[in-house]
$ cat entry_31.txt   # compact mmCIF, C-alpha atoms
# COMPACT_ATOMS: atom_id res chain seq x y z
CA MET A 1 -32.46 -166.47 -58.46
CA ARG A 2 -35.53 -164.27 -58.07
CA GLN A 3 -37.65 -167.34 -57.41
CA ASN A 4 -35.24 -168.49 -54.69
CA LYS A 5 -35.35 -165.06 -53.03
CA ALA A 6 -39.13 -165.05 -53.17
CA ASN A 7 -39.29 -168.52 -51.62
CA MET A 8 -36.84 -167.49 -48.90
CA LYS A 9 -38.87 -164.38 -48.09
CA LYS A 10 -42.06 -166.45 -47.96
CA TRP A 11 -40.39 -168.97 -45.64
CA ILE A 12 -39.17 -166.22 -43.31
CA VAL A 13 -42.67 -164.76 -43.16
CA VAL A 14 -44.09 -168.16 -42.23
CA LEU A 15 -41.43 -168.64 -39.55
CA ILE A 16 -42.16 -165.25 -38.06
CA GLY A 17 -45.85 -166.07 -38.15
CA ALA A 18 -45.22 -169.21 -36.12
CA GLY A 19 -43.22 -167.23 -33.61
CA VAL A 20 -45.91 -164.59 -33.40
CA ALA A 21 -48.51 -167.25 -32.70
CA LEU A 22 -46.45 -168.30 -29.67
CA GLY A 23 -45.94 -164.71 -28.60
CA ALA A 24 -49.63 -163.93 -28.93
CA GLY A 25 -50.29 -166.96 -26.76
CA TYR A 26 -48.13 -165.39 -24.07
CA TYR A 27 -50.18 -162.18 -24.12
CA LEU A 28 -53.48 -164.02 -23.98
CA ASN A 29 -52.40 -166.41 -21.24
CA ARG A 30 -50.80 -163.60 -19.24
CA SER A 31 -54.02 -161.60 -19.29
CA ARG A 32 -56.09 -164.60 -18.26
CA SER A 33 -53.74 -165.29 -15.35
CA GLU A 34 -54.35 -161.79 -13.98
CA ASN A 35 -57.81 -162.84 -12.69
CA ILE A 36 -59.40 -160.17 -14.88
CA SER A 37 -62.97 -161.02 -15.83
CA THR A 38 -65.78 -159.65 -17.96
CA PRO A 39 -69.39 -159.87 -16.69
CA ALA A 40 -70.95 -163.17 -17.75
CA ASN A 41 -74.09 -161.55 -19.14
CA SER A 42 -72.38 -158.95 -21.25
CA SER A 43 -69.96 -159.14 -24.15
CA ALA A 44 -69.17 -155.44 -23.80
CA PRO A 45 -66.18 -154.31 -21.72
CA ALA A 46 -66.94 -153.72 -18.06
CA GLU A 47 -65.76 -150.66 -16.19
CA VAL A 48 -62.09 -150.60 -15.31
CA GLU A 49 -60.34 -148.69 -12.58
CA GLN A 50 -60.16 -144.93 -12.76
CA VAL A 51 -56.86 -143.37 -13.79
CA GLN A 52 -55.43 -139.90 -13.39
CA ALA A 53 -55.28 -138.63 -16.95
CA ARG A 54 -52.58 -136.36 -18.32
CA PRO A 55 -53.56 -132.72 -18.86
CA ASN A 56 -54.04 -133.35 -22.57
CA ASP A 57 -55.91 -136.63 -22.12
CA ALA A 58 -59.48 -136.42 -23.35
CA VAL A 59 -60.84 -138.33 -20.34
CA GLU A 60 -61.64 -136.50 -17.12
CA ALA A 61 -59.72 -137.82 -14.12
CA THR A 62 -62.92 -138.33 -12.15
CA GLN A 63 -64.55 -140.57 -14.78
CA PRO A 64 -63.99 -144.27 -15.44
CA VAL A 65 -61.96 -144.48 -18.60
CA VAL A 66 -63.85 -147.45 -20.04
CA LYS A 67 -67.58 -147.58 -19.34
CA LYS A 68 -69.98 -150.43 -19.94
CA ARG A 69 -71.49 -150.02 -23.39
CA GLU A 70 -73.82 -151.68 -25.85
CA GLU A 71 -72.21 -154.39 -27.95
CA LEU A 72 -70.14 -152.82 -30.73
CA SER A 73 -70.31 -154.45 -34.15
CA PRO A 74 -66.91 -154.89 -35.84
CA PRO A 75 -66.41 -152.87 -39.00
CA PRO A 76 -67.57 -154.59 -42.19
CA GLY A 77 -65.19 -155.86 -44.82
CA PRO A 78 -61.44 -156.58 -44.39
CA PRO A 79 -59.59 -155.88 -41.12
CA ALA A 80 -59.05 -152.19 -40.39
CA VAL A 81 -55.27 -152.66 -40.23
CA ALA A 82 -54.99 -152.83 -44.01
CA LYS A 83 -55.71 -149.13 -44.71
CA PRO A 84 -55.19 -146.98 -41.59
CA ALA A 85 -56.89 -143.67 -42.28
CA PRO A 86 -59.80 -144.86 -44.49
CA ALA A 87 -60.50 -147.77 -42.11
CA ALA A 88 -60.66 -145.46 -39.13
CA THR A 89 -63.03 -143.14 -40.94
CA ALA A 90 -65.29 -146.04 -41.90
CA VAL A 91 -65.43 -147.39 -38.36
CA LEU A 92 -66.21 -144.05 -36.76
CA ALA A 93 -68.88 -143.42 -39.39
CA ASN A 94 -70.58 -146.71 -38.55
CA PRO A 95 -73.69 -145.88 -36.46
CA ASN A 96 -73.27 -149.18 -34.60
CA VAL A 97 -69.94 -148.08 -33.17
CA ASP A 98 -70.01 -145.88 -30.07
CA ALA A 99 -67.40 -143.20 -30.74
CA ALA A 100 -67.36 -142.11 -27.10
CA PHE A 101 -66.52 -145.66 -26.05
CA LEU A 102 -63.63 -145.79 -28.53
CA GLN A 103 -62.26 -142.50 -27.25
CA GLN A 104 -62.40 -143.67 -23.64
CA ALA A 105 -60.84 -147.04 -24.39
CA VAL A 106 -57.97 -145.60 -26.39
CA ASP A 107 -57.40 -142.79 -23.88
CA LEU A 108 -56.76 -145.47 -21.28
CA LEU A 109 -54.44 -147.49 -23.51
CA VAL A 110 -52.25 -144.48 -24.32
CA SER A 111 -52.35 -142.83 -20.89
CA THR A 112 -49.02 -142.51 -19.12
CA GLN A 113 -50.87 -142.52 -15.80
CA ALA A 114 -52.72 -145.82 -16.25
CA THR A 115 -51.10 -148.84 -14.63
CA ARG A 116 -49.93 -151.85 -16.58
CA GLN A 117 -52.61 -153.93 -14.88
CA GLN A 118 -55.33 -151.49 -15.96
CA LYS A 119 -54.13 -151.63 -19.55
CA ARG A 120 -53.99 -155.41 -19.50
CA ALA A 121 -57.55 -155.46 -18.20
CA ALA A 122 -58.66 -153.12 -20.99
CA TRP A 123 -56.94 -155.17 -23.71
CA LYS A 124 -58.54 -158.36 -22.41
CA GLN A 125 -61.98 -156.80 -22.28
CA LEU A 126 -61.66 -155.38 -25.78
CA ARG A 127 -60.35 -158.64 -27.19
CA ASP A 128 -63.01 -160.77 -25.49
CA ALA A 129 -65.74 -158.39 -26.68
CA GLY A 130 -64.50 -158.52 -30.27
CA LYS A 131 -63.67 -154.81 -30.40
CA LEU A 132 -60.03 -154.87 -31.43
CA ASP A 133 -60.72 -153.75 -35.01
CA PRO A 134 -62.43 -150.44 -34.14
CA VAL A 135 -59.80 -149.70 -31.48
CA ILE A 136 -57.04 -150.45 -33.98
CA ALA A 137 -58.70 -148.11 -36.45
CA GLU A 138 -58.92 -145.35 -33.83
CA LEU A 139 -55.25 -145.81 -32.92
CA GLU A 140 -54.26 -145.74 -36.59
CA GLN A 141 -56.11 -142.46 -36.97
CA ARG A 142 -54.35 -140.99 -33.93
CA VAL A 143 -50.95 -142.04 -35.27
CA ALA A 144 -51.79 -140.42 -38.60
CA ASN A 145 -52.94 -137.22 -36.90
CA ASP A 146 -50.05 -137.01 -34.42
CA PRO A 147 -47.09 -139.11 -35.61
CA ARG A 148 -44.80 -137.54 -32.99
CA ALA A 149 -46.68 -139.09 -30.06
CA ALA A 150 -44.68 -142.15 -29.01
CA GLU A 151 -47.53 -143.54 -26.90
CA TYR A 152 -49.79 -143.79 -29.97
CA SER A 153 -47.27 -145.83 -31.96
CA ALA A 154 -46.55 -148.05 -28.94
CA ALA A 155 -50.25 -148.74 -28.31
CA LEU A 156 -50.93 -149.46 -31.99
CA GLY A 157 -48.05 -151.94 -32.04
CA GLN A 158 -49.55 -153.72 -29.05
CA ALA A 159 -52.96 -153.70 -30.73
CA TYR A 160 -51.50 -155.48 -33.75
CA LEU A 161 -50.00 -158.16 -31.50
CA GLN A 162 -53.31 -158.54 -29.70
CA LYS A 163 -54.92 -159.02 -33.11
CA CYS A 164 -52.36 -161.73 -33.92
CA GLY A 165 -53.78 -163.78 -31.06
CA THR A 166 -57.23 -163.81 -32.65
CA ILE A 167 -56.33 -165.00 -36.17
CA LYS A 168 -55.08 -168.33 -37.52
CA ASP A 169 -53.32 -167.36 -40.75
CA MET A 170 -49.58 -167.36 -40.07
CA ARG A 171 -48.80 -165.09 -42.98
CA GLU A 172 -51.26 -162.50 -41.72
CA GLN A 173 -49.80 -162.86 -38.23
CA ALA A 174 -46.31 -162.29 -39.62
CA VAL A 175 -47.38 -159.13 -41.48
CA LEU A 176 -48.98 -157.73 -38.34
CA ALA A 177 -45.95 -158.69 -36.25
CA MET A 178 -43.55 -156.89 -38.56
CA GLN A 179 -45.81 -153.83 -38.61
CA ALA A 180 -45.89 -153.91 -34.81
CA ASP A 181 -42.11 -154.19 -34.63
CA LYS A 182 -41.71 -151.11 -36.84
CA LEU A 183 -44.17 -149.19 -34.68
CA PHE A 184 -42.18 -150.03 -31.56
CA ASP A 185 -39.04 -148.80 -33.32
CA THR A 186 -40.86 -145.58 -34.16
CA ALA A 187 -42.00 -145.15 -30.56
CA LEU A 188 -38.48 -145.74 -29.25
CA THR A 189 -37.02 -143.26 -31.73
CA LEU A 190 -39.47 -140.67 -30.42
CA ASP A 191 -39.02 -141.69 -26.77
CA PRO A 192 -36.18 -144.12 -25.93
CA ALA A 193 -37.59 -144.44 -22.41
CA ASN A 194 -40.99 -145.74 -23.53
CA TRP A 195 -41.16 -148.85 -21.35
CA GLU A 196 -44.11 -150.50 -23.06
CA ALA A 197 -42.63 -150.18 -26.54
CA ARG A 198 -39.23 -151.60 -25.57
CA PHE A 199 -40.61 -154.38 -23.36
CA THR A 200 -43.25 -155.51 -25.85
CA LYS A 201 -40.77 -155.37 -28.74
CA ALA A 202 -38.28 -157.49 -26.79
CA VAL A 203 -40.90 -160.04 -25.75
CA GLY A 204 -42.24 -160.30 -29.28
CA MET A 205 -38.77 -160.74 -30.78
CA SER A 206 -37.94 -163.43 -28.24
CA TYR A 207 -40.46 -165.67 -30.05
CA TRP A 208 -38.98 -165.08 -33.50
CA PRO A 209 -37.27 -168.15 -35.05
CA PRO A 210 -33.64 -168.72 -33.93
CA THR A 211 -32.58 -168.66 -37.60
CA LEU A 212 -33.18 -164.89 -37.62
CA ASN A 213 -30.49 -164.42 -34.93
CA LYS A 214 -32.37 -161.90 -32.78
CA GLY A 215 -31.18 -163.30 -29.44
CA ASP A 216 -28.48 -160.69 -28.76
CA GLU A 217 -30.81 -157.84 -29.72
CA VAL A 218 -33.50 -159.15 -27.37
CA ILE A 219 -30.99 -159.33 -24.52
CA GLN A 220 -29.82 -155.78 -25.26
CA HIS A 221 -33.36 -154.44 -25.05
CA PHE A 222 -33.95 -156.07 -21.68
CA GLN A 223 -30.58 -154.84 -20.39
CA THR A 224 -31.48 -151.31 -21.48
CA LEU A 225 -34.83 -151.59 -19.74
CA ILE A 226 -33.18 -152.63 -16.49
CA GLU A 227 -30.79 -149.69 -16.67
CA GLN A 228 -33.71 -147.34 -17.21
CA GLN A 229 -35.83 -148.97 -14.51
CA GLU A 230 -33.16 -148.78 -11.85
CA ALA A 231 -32.93 -145.02 -12.39
CA GLN A 232 -36.65 -144.64 -11.64
CA THR A 233 -39.05 -145.26 -8.78
CA PRO A 234 -39.69 -149.04 -8.73
CA GLN A 235 -42.96 -150.24 -10.24
CA PRO A 236 -44.37 -153.77 -9.76
CA HIS A 237 -44.23 -154.60 -13.47
CA PHE A 238 -40.50 -153.87 -13.57
CA ALA A 239 -39.99 -157.34 -12.07
CA GLU A 240 -41.00 -158.86 -15.41
CA THR A 241 -37.89 -157.49 -17.10
CA TYR A 242 -35.57 -159.44 -14.78
CA ALA A 243 -37.56 -162.62 -15.36
CA TRP A 244 -37.41 -162.24 -19.14
CA LEU A 245 -33.73 -161.26 -19.28
CA GLY A 246 -32.85 -164.28 -17.16
CA ASP A 247 -34.83 -166.48 -19.54
CA GLN A 248 -32.91 -165.11 -22.51
CA TYR A 249 -29.58 -165.71 -20.78
CA GLN A 250 -30.62 -169.26 -19.98
CA LYS A 251 -31.75 -169.83 -23.57
CA SER A 252 -28.31 -168.76 -24.82
CA GLY A 253 -26.50 -171.02 -22.34
CA ARG A 254 -25.47 -168.27 -19.90
CA THR A 255 -26.79 -170.03 -16.80
CA ASP A 256 -24.78 -168.01 -14.29
CA ASP A 257 -25.96 -164.73 -15.80
CA ALA A 258 -29.55 -165.98 -15.72
CA ARG A 259 -29.39 -166.82 -12.03
CA ALA A 260 -27.62 -163.54 -11.17
CA THR A 261 -30.34 -161.58 -13.01
CA TRP A 262 -33.15 -163.43 -11.21
CA GLN A 263 -31.39 -162.92 -7.88
CA ARG A 264 -31.09 -159.19 -8.46
CA GLY A 265 -34.72 -158.98 -9.50
CA ALA A 266 -35.86 -160.98 -6.47
CA ALA A 267 -33.84 -158.72 -4.16
CA LEU A 268 -35.57 -155.65 -5.62
CA PHE A 269 -39.01 -157.27 -5.86
CA PRO A 270 -39.16 -159.88 -3.07
CA ALA A 271 -42.92 -160.33 -3.46
CA ASP A 272 -42.67 -161.42 -7.10
CA GLU A 273 -43.63 -165.08 -7.26
CA LYS A 274 -42.28 -165.71 -10.75
CA LEU A 275 -38.75 -164.63 -9.81
CA ARG A 276 -38.83 -166.82 -6.71
CA GLU A 277 -39.92 -169.79 -8.83
CA LYS A 278 -37.15 -169.23 -11.35
CA LEU A 279 -34.53 -169.08 -8.61
CA ALA A 280 -35.89 -172.24 -7.04
CA SER A 281 -35.65 -174.02 -10.40
CA THR A 282 -31.89 -173.40 -10.55
CA GLN A 283 -31.13 -174.96 -7.18
$ encode --input "entry_31.txt" --output "structure tokens"
Amino acid sequence: MRQNKANMKKWIVVLIGAGVALGAGYYLNRSRSENISTPANSSAPAEVEQVQARPNDAVEATQPVVKKREELSPPPGPPAVAKPAPAATAVLANPNVDAAFLQQAVDLLVSTQATRQQKRAAWKQLRDAGKLDPVIAELEQRVANDPRAAEYSAALGQAYLQKCGTIKDMREQAVLAMQADKLFDTALTLDPANWEARFTKAVGMSYWPPTLNKGDEVIQHFQTLIEQQEAQTPQPHFAETYAWLGDQYQKSGRTDDARATWQRGAALFPADEKLREKLASTQ
């Protein structure tokens, strides 16, 4: 009996790992499609757009949040995600790691004033430059120091998913994915209106194996997001929620609901090409 349970658990982990691999592919391909590039002669992140920081953000509003830096060497030994606080300490103590760069990068990723496009650009630059591990370690340290800050948990969850896209081992991907999912839950408990946590959780879960029966939960998250969005000033990235919810309806056989969702999204965001393409595909 115990052996059967162990085998079942192992199989579920492998299945989740396969789903995560697909989900990570979405994140990587989405970033590449944004026409965001890193200078050809430098593996270090380039400058990204300036953002208006919150009063308690460490970055001054008049400074670029991520500056061009010398190449940062990844921390030695196993990935930093294994032991949050000690890993962060080790990375920041490494003389090859520019602590100021880490602060600026993470300040952007957790800023409520940075746009989604700016954050995507930063994630791509960090991933392409091989600097996810030190940023993960810095985020882990911030979560440990201030566990009540929803934006820290949300950003760390995204960092784990970004990391999934850079590794091949499905079991390791599954572990990171489940850690990320728990972090998004934590962020949503602290702040139910945290858009990034709910959206990223829903997208990630949409790639989990059908045998885990997460379809209804994914749909509920996207429905909640739309309710929250329509009570706020429209933002360009809100269009993505309608596209994803329609996809989930279509996947579950609710074709009419899918089309109605895409139509509503297209009416609110007429410039969104993806929603127009989805509507055209149903004609």
$ atom_distance --input "entry_31.txt" --atom1 "CA of Gln263 (chain A)" --atom2 "CA of Pro234 (chain A)"
16.2 Å
$ atom_distance --input "entry_31.txt" --atom1 "CA of Gln158 (chain A)" --atom2 "CA of Arg264 (chain A)"
28.2 Å
$ atom_distance --input "entry_31.txt" --atom1 "CA of Glu151 (chain A)" --atom2 "CA of Thr115 (chain A)"
13.8 Å
$ residues_around --input "entry_31.txt" --residues "Asp191 (chain A)" --least-positions-apart "4" --cutoff "9 Å" --atoms "all atoms listed in the file" --output "PDB file with C-alpha atoms, in the frame of the given file"
ATOM      1  CA  ALA A 149     -46.680-139.090 -30.060  1.00  0.00           C
ATOM      2  CA  ALA A 150     -44.680-142.150 -29.010  1.00  0.00           C
ATOM      3  CA  GLU A 151     -47.530-143.540 -26.900  1.00  0.00           C
ATOM      4  CA  THR A 186     -40.860-145.580 -34.160  1.00  0.00           C
ATOM      5  CA  ALA A 187     -42.000-145.150 -30.560  1.00  0.00           C
TER       6      ALA A 187
END
$ closest_residue --input "entry_31.txt" --among "A:Ala239, A:Leu245, A:Ala144, A:Ala100" --to "Gln220 (chain A)" --atoms "all atoms listed in the file"
A:Leu245
